[in-house]
Amino acid sequence: MSAEYQQRAALLVPARHGRAVLLHKGEAVQVINSHGTQVVDCWAYNAADVTEYMSMEATRVWNQRLNPKTGDSFITNQRHPILTLVEDTSPGVHDTFMAACDARRYALLGCTEPHRNCHDNLFEAMAALGVSLPHGNLASFNIFMNIQVQPDGITLKTLPVVTRAGDYIILRAEMDCYVAFSACPQDIVSIQGAGDNTPRDAELRILTGNFPTPQLAGPWVPAR
Ligand SMILES: [Zn+2]
């Protein structure tokens with residue numbers, strides 16, 4: 001099916017590493033869970049001003065949802081749409097709650113040696129495009145990550161991904177933006193699927209056409 005999309009680039013996100021891409025408004029990035037087991041952290045920044053970036057908290061307000069569904073947009077800290085989820089062939093289980101893993105997280109998990117982590121991957125991936133970020137950002141969109149709200153409505157349960165090999169999502173750019181990804185190196189907490197919790201590669205394709213183009217939905221406003 002993806003052969004129908006017009007694409008201008010294909011990139012590997014190697015296991016435990018990051019990659020960033022520059023998207024022009026109207027282009028899209030396809031994020032493929034090649035092995036079906038991998039969590040992929042994602043961040044987005046306005047290409048004209050990286051102090052404006054994708055905000056999970058503003059996104060939840062806009063959509064009135066814990067996790068995005070097809071047609072939902074991701075909103076910046078200045079409350080502008082930056083990405084829209086236009087297609088999702090996975091079971092639709094993603095996470096907007098959990099902080100990206102960082103060096104301190106692995107120290108708290110008992111690691112005594114440096115451990116690759118998503119937060120450093122963000123900086124590495126953006127630096128490879130010549131962009132230095134003014135500050136860190138733990139609030140990633142955690143693609144394919146399975147964080148389940150329990151029946152009490154307040155407790156979260158961390159579970160392995162439920163995707164299949166080849167499942168993908170497509171994110172459309174609503175402004176010129178950098179989008180960074182990390183094939184999460186987490187191998188201590190069981191979030192990667194297939195039981196062995198081994199980080200694996202993911203794939204990116206930059207799409208220029210033939211992907212679904214739902215209309216941009218406005219922010220949620222209460223009925224009066
Ligand atoms: Zn991670």
# chains A, B, ... in the order shown; residues from 1 in each chain; ligands from 1

$ residues_around --residues "region 96-106 of chain A" --least-positions-apart "2" --cutoff "10 Å" --atoms "only C-alpha atoms" --output "PyMOL selection string"
chain A and resi 41-42+55-57+59-60+65-68+94+108-122+137-143+145+147+156+158+182+184-189

$ residues_around --residues "Arg205 (chain A)" --least-positions-apart "4" --cutoff "12 Å" --atoms "only C-alpha atoms" --output "PyMOL selection string"
chain A and resi 2-3+5-13+19-23+27-33+168-172+209+211

$ write_last_selection --atoms "N, CA and C atoms" --output "compact mmCIF listing (two decimals), in the first residue's frame"
# COMPACT_ATOMS: atom_id res chain seq x y z
N SER A 2 1.98 1.19 0.75
CA SER A 2 2.80 2.38 0.85
C SER A 2 3.47 2.69 -0.49
N ALA A 3 3.52 1.70 -1.41
CA ALA A 3 4.12 1.94 -2.72
C ALA A 3 3.33 3.02 -3.48
N TYR A 5 2.34 5.81 -2.24
CA TYR A 5 2.71 7.15 -1.80
C TYR A 5 3.86 7.68 -2.63
N GLN A 6 3.82 8.99 -2.90
CA GLN A 6 4.97 9.64 -3.53
C GLN A 6 5.95 9.97 -2.42
N GLN A 7 7.20 9.57 -2.58
CA GLN A 7 8.18 9.83 -1.52
C GLN A 7 9.43 10.42 -2.11
N ARG A 8 10.14 11.20 -1.27
CA ARG A 8 11.39 11.79 -1.74
C ARG A 8 12.60 11.29 -0.97
N ALA A 9 12.36 10.54 0.12
CA ALA A 9 13.50 10.01 0.88
C ALA A 9 13.04 8.87 1.77
N ALA A 10 13.96 7.95 2.02
CA ALA A 10 13.73 6.86 2.98
C ALA A 10 14.94 6.80 3.90
N LEU A 11 14.69 6.69 5.20
CA LEU A 11 15.78 6.69 6.17
C LEU A 11 15.56 5.57 7.18
N LEU A 12 16.67 5.05 7.68
CA LEU A 12 16.60 4.09 8.77
C LEU A 12 16.78 4.84 10.09
N VAL A 13 16.02 4.47 11.09
CA VAL A 13 16.31 4.91 12.46
C VAL A 13 16.91 3.69 13.14
N ARG A 19 17.02 10.02 14.52
CA ARG A 19 17.11 10.66 13.20
C ARG A 19 16.11 11.80 13.18
N ALA A 20 16.47 12.89 12.52
CA ALA A 20 15.51 13.99 12.36
C ALA A 20 15.39 14.33 10.88
N VAL A 21 14.24 14.86 10.51
CA VAL A 21 13.98 15.24 9.12
C VAL A 21 13.40 16.65 9.10
N LEU A 22 13.60 17.33 7.99
CA LEU A 22 12.96 18.64 7.76
C LEU A 22 11.80 18.41 6.80
N LEU A 23 10.60 18.72 7.24
CA LEU A 23 9.41 18.59 6.40
C LEU A 23 8.92 19.97 6.01
N GLU A 27 3.96 18.22 3.34
CA GLU A 27 4.61 16.91 3.22
C GLU A 27 4.23 16.07 4.44
N ALA A 28 4.68 14.83 4.45
CA ALA A 28 4.36 13.95 5.58
C ALA A 28 5.53 13.01 5.82
N VAL A 29 5.55 12.43 7.01
CA VAL A 29 6.54 11.41 7.31
C VAL A 29 5.80 10.14 7.73
N GLN A 30 6.21 9.04 7.10
CA GLN A 30 5.66 7.72 7.44
C GLN A 30 6.64 7.05 8.40
N VAL A 31 6.14 6.60 9.53
CA VAL A 31 6.97 5.98 10.56
C VAL A 31 6.59 4.51 10.61
N ILE A 32 7.52 3.66 10.20
CA ILE A 32 7.21 2.23 10.01
C ILE A 32 7.84 1.41 11.13
N ASN A 33 7.01 0.63 11.80
CA ASN A 33 7.51 -0.27 12.84
C ASN A 33 7.94 -1.57 12.16
N TYR A 168 2.35 1.13 10.48
CA TYR A 168 2.92 2.47 10.36
C TYR A 168 1.90 3.54 10.68
N ILE A 169 2.42 4.73 10.95
CA ILE A 169 1.58 5.92 11.01
C ILE A 169 2.14 6.94 10.02
N ILE A 170 1.28 7.86 9.60
CA ILE A 170 1.71 8.96 8.74
C ILE A 170 1.33 10.28 9.41
N LEU A 171 2.34 11.14 9.57
CA LEU A 171 2.17 12.46 10.18
C LEU A 171 2.37 13.53 9.13
N ARG A 172 1.35 14.36 8.90
CA ARG A 172 1.44 15.44 7.91
C ARG A 172 1.91 16.72 8.59
N GLY A 209 3.16 13.10 -1.52
CA GLY A 209 1.79 13.08 -2.04
C GLY A 209 1.16 11.71 -1.95
N PHE A 211 -0.98 10.55 0.13
CA PHE A 211 -1.39 10.08 1.46
C PHE A 211 -2.73 10.75 1.79

$ select_by_dssp --residues "region 7-204 of chain A" --states "alpha helix (DSSP H)" --output "list in words"
Met56, Glu57, Ala58, Thr59, Arg60, Val61, Trp62, Asn63, Ala103, Arg104, Arg105, Tyr106, Ala107, Leu108, Cys118, His119, Asp120, Asn121, Leu122, Phe123, Glu124, Ala125, Met126, Ala127 and Ala128 of chain A

$ write_last_selection --atoms "C-alpha atoms" --output "PDB file, in the first residue's frame"
ATOM      1  CA  MET A  56       1.729  16.995  24.508  1.00  0.00           C
ATOM      2  CA  GLU A  57      -0.237  19.022  27.063  1.00  0.00           C
ATOM      3  CA  ALA A  58      -1.566  21.519  24.475  1.00  0.00           C
ATOM      4  CA  THR A  59      -2.355  18.577  22.156  1.00  0.00           C
ATOM      5  CA  ARG A  60      -4.513  16.856  24.791  1.00  0.00           C
ATOM      6  CA  VAL A  61      -6.484  20.086  25.326  1.00  0.00           C
ATOM      7  CA  TRP A  62      -7.056  20.544  21.576  1.00  0.00           C
ATOM      8  CA  ASN A  63      -8.247  16.978  20.956  1.00  0.00           C
ATOM      9  CA  ALA A 103      20.553   9.434  31.310  1.00  0.00           C
ATOM     10  CA  ARG A 104      19.075  10.071  34.754  1.00  0.00           C
ATOM     11  CA  ARG A 105      16.229   7.619  34.090  1.00  0.00           C
ATOM     12  CA  TYR A 106      18.723   4.821  33.453  1.00  0.00           C
ATOM     13  CA  ALA A 107      20.718   5.747  36.561  1.00  0.00           C
ATOM     14  CA  LEU A 108      17.478   5.489  38.562  1.00  0.00           C
ATOM     15  CA  CYS A 118      15.968   9.039  23.668  1.00  0.00           C
ATOM     16  CA  HIS A 119      16.670  12.495  25.086  1.00  0.00           C
ATOM     17  CA  ASP A 120      20.322  12.436  23.956  1.00  0.00           C
ATOM     18  CA  ASN A 121      19.140  10.949  20.636  1.00  0.00           C
ATOM     19  CA  LEU A 122      16.934  14.032  20.127  1.00  0.00           C
ATOM     20  CA  PHE A 123      19.937  16.353  20.495  1.00  0.00           C
ATOM     21  CA  GLU A 124      22.141  14.128  18.303  1.00  0.00           C
ATOM     22  CA  ALA A 125      19.507  13.901  15.556  1.00  0.00           C
ATOM     23  CA  MET A 126      18.903  17.664  15.481  1.00  0.00           C
ATOM     24  CA  ALA A 127      22.651  18.395  15.581  1.00  0.00           C
ATOM     25  CA  ALA A 128      23.041  16.212  12.471  1.00  0.00           C
TER      26      ALA A 128
END

$ atom_distance --atom1 "CA of Glu203 (chain A)" --atom2 "CA of His80 (chain A)"
27.2 Å

$ residues_around --residues "Leu216 (chain A)" --least-positions-apart "2" --cutoff "9 Å" --atoms "only C-alpha atoms" --output "list in words"
Gly71, Asp72, Ser73, Pro81, Thr84, Glu174, Thr213, Pro214 and Gly218 of chain A

$ write_last_selection --atoms "N, CA and C atoms" --output "PDB file, in the first residue's frame"
ATOM      1  N   GLY A  71      -6.772  11.775  12.210  1.00  0.00           N
ATOM      2  CA  GLY A  71      -7.487  13.041  12.042  1.00  0.00           C
ATOM      3  C   GLY A  71      -7.150  14.050  13.119  1.00  0.00           C
ATOM      4  N   ASP A  72      -6.545  13.597  14.212  1.00  0.00           N
ATOM      5  CA  ASP A  72      -6.145  14.517  15.286  1.00  0.00           C
ATOM      6  C   ASP A  72      -4.836  15.218  14.923  1.00  0.00           C
ATOM      7  N   SER A  73      -4.719  16.458  15.373  1.00  0.00           N
ATOM      8  CA  SER A  73      -3.480  17.204  15.165  1.00  0.00           C
ATOM      9  C   SER A  73      -2.674  17.291  16.454  1.00  0.00           C
ATOM     10  N   PRO A  81      -1.362  24.082  15.204  1.00  0.00           N
ATOM     11  CA  PRO A  81      -1.141  22.724  14.714  1.00  0.00           C
ATOM     12  C   PRO A  81       0.222  22.623  14.029  1.00  0.00           C
ATOM     13  N   THR A  84      -0.342  16.441  11.822  1.00  0.00           N
ATOM     14  CA  THR A  84      -1.651  15.773  11.908  1.00  0.00           C
ATOM     15  C   THR A  84      -1.454  14.296  11.602  1.00  0.00           C
ATOM     16  N   GLU A 174       1.977  20.550   9.260  1.00  0.00           N
ATOM     17  CA  GLU A 174       1.076  21.708   9.127  1.00  0.00           C
ATOM     18  C   GLU A 174       1.835  23.017   9.061  1.00  0.00           C
ATOM     19  N   THR A 213      -5.557  13.102   3.213  1.00  0.00           N
ATOM     20  CA  THR A 213      -5.459  14.530   3.570  1.00  0.00           C
ATOM     21  C   THR A 213      -6.745  14.992   4.251  1.00  0.00           C
ATOM     22  N   PRO A 214      -7.005  14.509   5.479  1.00  0.00           N
ATOM     23  CA  PRO A 214      -8.195  14.966   6.189  1.00  0.00           C
ATOM     24  C   PRO A 214      -8.111  16.463   6.474  1.00  0.00           C
ATOM     25  N   GLY A 218     -10.446  21.953  14.174  1.00  0.00           N
ATOM     26  CA  GLY A 218     -10.165  23.068  15.079  1.00  0.00           C
ATOM     27  C   GLY A 218     -10.056  22.574  16.511  1.00  0.00           C
TER      28      GLY A 218
END
